[in-house]
Amino acid sequence: MRIAVLLLSLLLVFACQRETPDVSQNTPSQSQTTTDTPPQMAESPASSTMNPVIPPEQDNPAGSPRPASPTQEVHLIEYAIHMPETLPAGRVAFNVENGGKETHAFEIEGNGIEQKTNELTRGNTASLEVDLKPGTYTIYCPVDGHAEKGMKKTVVVK
């Protein structure tokens, strides 16, 4: 039994050595690939197992990639909204923070858009993405009476 195992081991070693190509005699123009690349991949010069092409992540159901929306910080306090008075046209992600003591919210209206966040208690934040077209928009706090106390502003989108 030991002789059979020894013979089988020698055969395997000999067979493995014969399958390994002798690359010591190759010139740079005759280099051989020593990886186990399937033939269909080896034929394509653009493919590489070292740097595979990974498609971008997509979270929209249409399947078309969207560029990241620029973020606009918005700070709400008693009775003011701190943010720029002009914004770029296109998709904008508003990052709204309630820095005040009272409950506040953020609402934007204009050019067919009317969107708002939930009410935010002190220190909480919310995000709101809006596709802005050029024009004029009204931004305000929809909590009862806050807009009338000064939490309202006009923003121009260019």
# chains A, B, ... in the order shown; residues from 1 in each chain; ligands from 1
$ residues_around --residues "region 137-142 of chain A" --least-positions-apart "2" --cutoff "7 Å" --atoms "only C-alpha atoms" --output "ChimeraX atom specification"
/A:104-110,135,144,146-147,151-156
$ residues_around --residues "Glu73 (chain A)" --least-positions-apart "4" --cutoff "9 Å" --atoms "only C-alpha atoms" --output "MDAnalysis selection string"
chainID A and resid 82:84 93:97
$ residues_around --residues "Thr121 (chain A)" --least-positions-apart "2" --cutoff "9 Å" --atoms "only C-alpha atoms" --output "PyMOL selection string"
chain A and resi 98-105+119+123-125
$ closest_residue --among "A:Gly145, A:Gly150, A:Thr117, A:Thr136" --to "Ile81 (chain A)" --atoms "only C-alpha atoms"
A:Gly150
$ closest_residue --among "A:Ile113, A:Val143, A:Ala126, A:Leu132" --to "Pro70 (chain A)" --atoms "only C-alpha atoms"
A:Leu132
